[in-house]
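A.B. asks: Below you will find the structure I want to go over with you.
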Amino acid sequence: MSPEKSYHMTPEQFRQHGRAVVDWIADYYERIETLPVLSQVEPGQVRQGLPAAAPAAGESFDAILQDMNKVILPGVTHWQSPNFFAYFPANASGPSILGDLLSSALGVQGMLWATSPACTELESHVLDWLVTMLGLPQKFLSSNSSSGGDVIQDTASSASLCAMLAARERATNYRSNRRGGDGKLVAYTSNQAHSSIEKAAMVAGIGMDNLRLIEVDERFAMQPEALARQIQRDRQSGLVPFFVSATVGTTSSNALDPLPAIGTICRENGLWFHVDAAMSGTAALCPEFRYIQDGIELADSYTFNPHKWMFTNFDCNCFYVADRKALIDTLSILPEYLRNQATESGAVFDYRDWHIPLGRRFRSLKLWFVIRHYGVEGLQYHVRRHIEIAQQFAEWVKQDERFEMAAPAPLNLVCFRHRGGDESNQLLMDRLNRSGDLYLTHTRLNERFTLRFCVGQTHTGLRHVQNAWRRIQEEAGKL
């Protein structure tokens, strides 16, 4: 018999290469401001730098890291750059990266409590911490005698889909899971809501034709009166209203839907009330910003993303429900090969029943690291600072006669535009992004091209925003 051969990395090699990777990451963060924020490569350029076939024999780790610098890094848009002001952020931080590294090392598949009790119980506990940290209703806690509970999803898109599915089954007494839909269920959200609500309606079998996009007011917030009228019209037409999604901080403009009025309409009509606070929910860490979630006590479900503004790397979404039984009964399937004593006892949560996938990673570990590293006061400090800096940016916009505000700026997103019109704003944005100095994106508000400037990246400080405003002024002067 030939001697046994191994291609695995030994523990000592792992120590050596692991140190090299940590050094690479630290060096990357030290020099990230020197890199163009938006990748400058052309389509297909990264693939051209890769070999046509996989290597037959293993390569050295040094060669792999060299290709990270040579091939991969030029094709990366630097979301962790403090000069990233586009979209909403997808933040990382030192403690989050290290927590995620440990999660990868443990390699837990936490579908059942039994497959790693720590994965389930840490998740429940940390999300309960956040109920207190954010001032959320006690009904969302999993650790008391209430019927609610909390779970980590990958994104707010998945959380909203799960909410819609649970609402669908509650409205049909779980017949939809058995027989499919009959085309009569109707869902509602504002015409400024995230596109994930539209996708949820598609995936859940509700259909785009049965999703009503309710008009908004001058602040781009849903009009409750319009919602109530549409519900009444649909009922009179023989349809079955069942679900409303409100937004705390819309993607386009950070608009705040009036939760008390919308929640009251839902209660009066027996509709599931879901609240999507994907980005702005983190602001509620600070008591002075908790007004944004007034009315949340009326919600059946609530979701926000620590991976946006709470320095916890993607993906990490927190999803809360007032009635966990409705969610579990909607998504639970128990084949024989998953049966076990702990599950049968009813004394544990099996989070596989709380979302779409069966498998799940140990996401709560990185969130736990972040909260323990920063503490509540550290997280509050950075949220307050980001909002303060964004408000300063808004004042600069207002003081420059070439620009105008396009929407209110209650938190850390500033929507503005050059008075020269759509073409000027498009040209301004393209020039700034091509420069590599900063990265902006746009939306359309009242059918007009609008620039979005979001201050929320982990390491963004006043000097980065000052430099960005200087560059915006310089390019505006060339129009």
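Following the order of the structure tokens, chains are lettered A, B, ..., residues in each are numbered from 1, and ligands are numbered from 1.
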Excluding same-chain residues fewer than 6 positions from region 414-429 of chain A, what lies within 9 Å of it counting only C-alpha atoms, as JSON, numbers by chain?

C.D. replies: {"A": [252, 253, 254, 390, 391, 393, 394, 397, 401, 402, 403, 404, 405, 406, 407, 408, 439, 440, 441, 442, 443, 448, 449, 450, 451, 452, 453, 454, 455, 472, 475, 476, 478, 479]}

A.B. asks: Mind listing the helix (DSSP H, G or I) residues of region 23-194 of chain A, per DSSP on the backbone, as a PyMOL selection string?

C.D. replies: chain A and resi 23-34+45-48+61-75+94-106+113-115+117-134+138-140+156-172+175-179

A.B. asks: Write a file of the selected residues as a PDB file, in the first residue's frame, keeping C-alpha atoms.

C.D. replies:
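Output below, filename out_1.pdb:
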```pdb
ATOM      1  CA  ASP A  23      -1.590  41.449   7.857  1.00  0.00           C
ATOM      2  CA  TRP A  24      -3.050  41.809   4.351  1.00  0.00           C
ATOM      3  CA  ILE A  25      -6.388  42.925   5.798  1.00  0.00           C
ATOM      4  CA  ALA A  26      -4.760  45.396   8.191  1.00  0.00           C
ATOM      5  CA  ASP A  27      -2.620  46.803   5.380  1.00  0.00           C
ATOM      6  CA  TYR A  28      -5.696  47.076   3.165  1.00  0.00           C
ATOM      7  CA  TYR A  29      -7.546  49.139   5.751  1.00  0.00           C
ATOM      8  CA  GLU A  30      -4.511  51.362   6.282  1.00  0.00           C
ATOM      9  CA  ARG A  31      -4.301  52.209   2.575  1.00  0.00           C
ATOM     10  CA  ILE A  32      -7.942  51.965   1.540  1.00  0.00           C
ATOM     11  CA  GLU A  33      -8.269  55.742   1.144  1.00  0.00           C
ATOM     12  CA  THR A  34      -5.598  55.669  -1.587  1.00  0.00           C
ATOM     13  CA  GLN A  45     -11.257  42.441 -17.338  1.00  0.00           C
ATOM     14  CA  VAL A  46     -11.117  40.363 -14.150  1.00  0.00           C
ATOM     15  CA  ARG A  47     -11.862  37.126 -16.010  1.00  0.00           C
ATOM     16  CA  GLN A  48      -9.150  37.938 -18.537  1.00  0.00           C
ATOM     17  CA  PHE A  61      -0.350  30.559  -0.728  1.00  0.00           C
ATOM     18  CA  ASP A  62       1.970  33.429  -1.636  1.00  0.00           C
ATOM     19  CA  ALA A  63       0.874  33.109  -5.256  1.00  0.00           C
ATOM     20  CA  ILE A  64      -2.770  33.236  -4.244  1.00  0.00           C
ATOM     21  CA  LEU A  65      -2.242  36.415  -2.210  1.00  0.00           C
ATOM     22  CA  GLN A  66      -0.283  37.969  -5.080  1.00  0.00           C
ATOM     23  CA  ASP A  67      -3.266  37.421  -7.355  1.00  0.00           C
ATOM     24  CA  MET A  68      -5.509  39.049  -4.749  1.00  0.00           C
ATOM     25  CA  ASN A  69      -3.515  42.229  -5.315  1.00  0.00           C
ATOM     26  CA  LYS A  70      -2.981  41.825  -9.034  1.00  0.00           C
ATOM     27  CA  VAL A  71      -6.324  40.461 -10.278  1.00  0.00           C
ATOM     28  CA  ILE A  72      -9.010  40.771  -7.624  1.00  0.00           C
ATOM     29  CA  LEU A  73      -8.386  44.077  -5.873  1.00  0.00           C
ATOM     30  CA  PRO A  74      -8.620  46.226  -9.031  1.00  0.00           C
ATOM     31  CA  GLY A  75     -12.081  44.733  -9.598  1.00  0.00           C
ATOM     32  CA  GLY A  94     -12.440  44.699  13.235  1.00  0.00           C
ATOM     33  CA  PRO A  95     -14.480  42.799  15.825  1.00  0.00           C
ATOM     34  CA  SER A  96     -17.016  41.727  13.229  1.00  0.00           C
ATOM     35  CA  ILE A  97     -14.344  40.370  10.882  1.00  0.00           C
ATOM     36  CA  LEU A  98     -12.741  38.420  13.713  1.00  0.00           C
ATOM     37  CA  GLY A  99     -16.076  37.078  14.900  1.00  0.00           C
ATOM     38  CA  ASP A 100     -16.851  35.956  11.367  1.00  0.00           C
ATOM     39  CA  LEU A 101     -13.454  34.275  11.166  1.00  0.00           C
ATOM     40  CA  LEU A 102     -14.270  32.237  14.257  1.00  0.00           C
ATOM     41  CA  SER A 103     -17.660  31.363  12.808  1.00  0.00           C
ATOM     42  CA  SER A 104     -15.952  30.095   9.655  1.00  0.00           C
ATOM     43  CA  ALA A 105     -13.485  28.108  11.742  1.00  0.00           C
ATOM     44  CA  LEU A 106     -16.213  26.403  13.756  1.00  0.00           C
ATOM     45  CA  TRP A 113     -30.750  23.496  18.373  1.00  0.00           C
ATOM     46  CA  ALA A 114     -29.218  20.020  18.606  1.00  0.00           C
ATOM     47  CA  THR A 115     -26.726  20.691  15.790  1.00  0.00           C
ATOM     48  CA  PRO A 117     -26.932  24.695  20.981  1.00  0.00           C
ATOM     49  CA  ALA A 118     -24.624  27.713  21.283  1.00  0.00           C
ATOM     50  CA  CYS A 119     -25.530  28.848  17.762  1.00  0.00           C
ATOM     51  CA  THR A 120     -29.235  28.958  18.626  1.00  0.00           C
ATOM     52  CA  GLU A 121     -29.029  30.271  22.164  1.00  0.00           C
ATOM     53  CA  LEU A 122     -26.489  33.027  21.479  1.00  0.00           C
ATOM     54  CA  GLU A 123     -28.669  34.210  18.597  1.00  0.00           C
ATOM     55  CA  SER A 124     -31.789  34.387  20.768  1.00  0.00           C
ATOM     56  CA  HIS A 125     -29.894  36.138  23.537  1.00  0.00           C
ATOM     57  CA  VAL A 126     -28.138  38.761  21.407  1.00  0.00           C
ATOM     58  CA  LEU A 127     -31.338  39.632  19.547  1.00  0.00           C
ATOM     59  CA  ASP A 128     -33.075  40.015  22.890  1.00  0.00           C
ATOM     60  CA  TRP A 129     -30.282  42.407  23.903  1.00  0.00           C
ATOM     61  CA  LEU A 130     -31.153  44.463  20.839  1.00  0.00           C
ATOM     62  CA  VAL A 131     -34.803  44.711  21.870  1.00  0.00           C
ATOM     63  CA  THR A 132     -33.635  46.649  24.917  1.00  0.00           C
ATOM     64  CA  MET A 133     -30.876  48.514  23.088  1.00  0.00           C
ATOM     65  CA  LEU A 134     -33.315  49.787  20.431  1.00  0.00           C
ATOM     66  CA  GLN A 138     -41.170  43.598  24.900  1.00  0.00           C
ATOM     67  CA  LYS A 139     -43.512  41.411  22.862  1.00  0.00           C
ATOM     68  CA  PHE A 140     -40.623  40.736  20.457  1.00  0.00           C
ATOM     69  CA  ALA A 156     -34.284  42.381   5.041  1.00  0.00           C
ATOM     70  CA  SER A 157     -35.509  40.991   1.713  1.00  0.00           C
ATOM     71  CA  SER A 158     -35.764  37.531   3.257  1.00  0.00           C
ATOM     72  CA  ALA A 159     -37.319  38.888   6.444  1.00  0.00           C
ATOM     73  CA  SER A 160     -40.031  40.716   4.492  1.00  0.00           C
ATOM     74  CA  LEU A 161     -40.719  37.606   2.431  1.00  0.00           C
ATOM     75  CA  CYS A 162     -41.105  35.512   5.591  1.00  0.00           C
ATOM     76  CA  ALA A 163     -43.438  38.128   7.056  1.00  0.00           C
ATOM     77  CA  MET A 164     -45.564  38.092   3.921  1.00  0.00           C
ATOM     78  CA  LEU A 165     -45.691  34.284   3.905  1.00  0.00           C
ATOM     79  CA  ALA A 166     -46.774  34.167   7.545  1.00  0.00           C
ATOM     80  CA  ALA A 167     -49.397  36.825   6.838  1.00  0.00           C
ATOM     81  CA  ARG A 168     -50.636  34.826   3.851  1.00  0.00           C
ATOM     82  CA  GLU A 169     -51.078  31.685   5.899  1.00  0.00           C
ATOM     83  CA  ARG A 170     -52.759  33.506   8.767  1.00  0.00           C
ATOM     84  CA  ALA A 171     -55.202  35.091   6.314  1.00  0.00           C
ATOM     85  CA  THR A 172     -56.045  31.744   4.670  1.00  0.00           C
ATOM     86  CA  ARG A 175     -54.771  26.661   3.227  1.00  0.00           C
ATOM     87  CA  SER A 176     -52.354  28.415   0.851  1.00  0.00           C
ATOM     88  CA  ASN A 177     -49.485  26.168   1.907  1.00  0.00           C
ATOM     89  CA  ARG A 178     -51.585  23.115   1.053  1.00  0.00           C
ATOM     90  CA  ARG A 179     -53.514  24.198  -2.048  1.00  0.00           C
TER      91      ARG A 179
END
```

A.B. asks: Where in region 17-162 of chain A does DSSP assign strand (DSSP E), given as an mmCIF file with C-alpha atoms, in the first residue's frame?

C.D. replies:
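Result file is selection-v1.cif:
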```
data_model
loop_
_atom_site.group_PDB
_atom_site.id
_atom_site.type_symbol
_atom_site.label_atom_id
_atom_site.label_comp_id
_atom_site.auth_asym_id
_atom_site.auth_seq_id
_atom_site.Cartn_x
_atom_site.Cartn_y
_atom_site.Cartn_z
ATOM 1 C CA GLY A 149 -39.454 35.890 19.103
ATOM 2 C CA ASP A 150 -36.434 36.917 17.061
ATOM 3 C CA VAL A 151 -34.160 35.382 14.460
ATOM 4 C CA ILE A 152 -31.254 36.361 12.218
ATOM 5 C CA GLN A 153 -32.050 36.324 8.511
#
```

A.B. asks: If we count only C-alpha atoms, what is near Ser245 (chain A) at a cut-off of 9 Å, once residues fewer than 2 positions away on the same chain are taken out, given as a list in words?

C.D. replies: Ser160, Met164, Ala187, Tyr188, Thr189, Ser190, Ala193, Ile197, Phe243, Thr247, Trp272, Phe273, His274, Val275 and Asp276 of chain A

A.B. asks: In Å, rounded to a single decimal, give me how far CA of Gly281 (chain A) is from CA of Gly249 (chain A).

C.D. replies: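 So the answer is 8.0 Å.
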
A.B. asks: A:Met208, A:Cys316, A:Leu35, A:Met111: which is nearest Ala90 (chain A), counting only C-alpha atoms?

C.D. replies: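 Ranked by minimum distance to Ala90 (chain A), first place goes to A:Cys316.
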
A.B. asks: One decimal, Å: what's the distance from CA of Phe314 (chain A) over to CA of Phe88 (chain A), could you say?

C.D. replies: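 It comes out at 12.4 Å.
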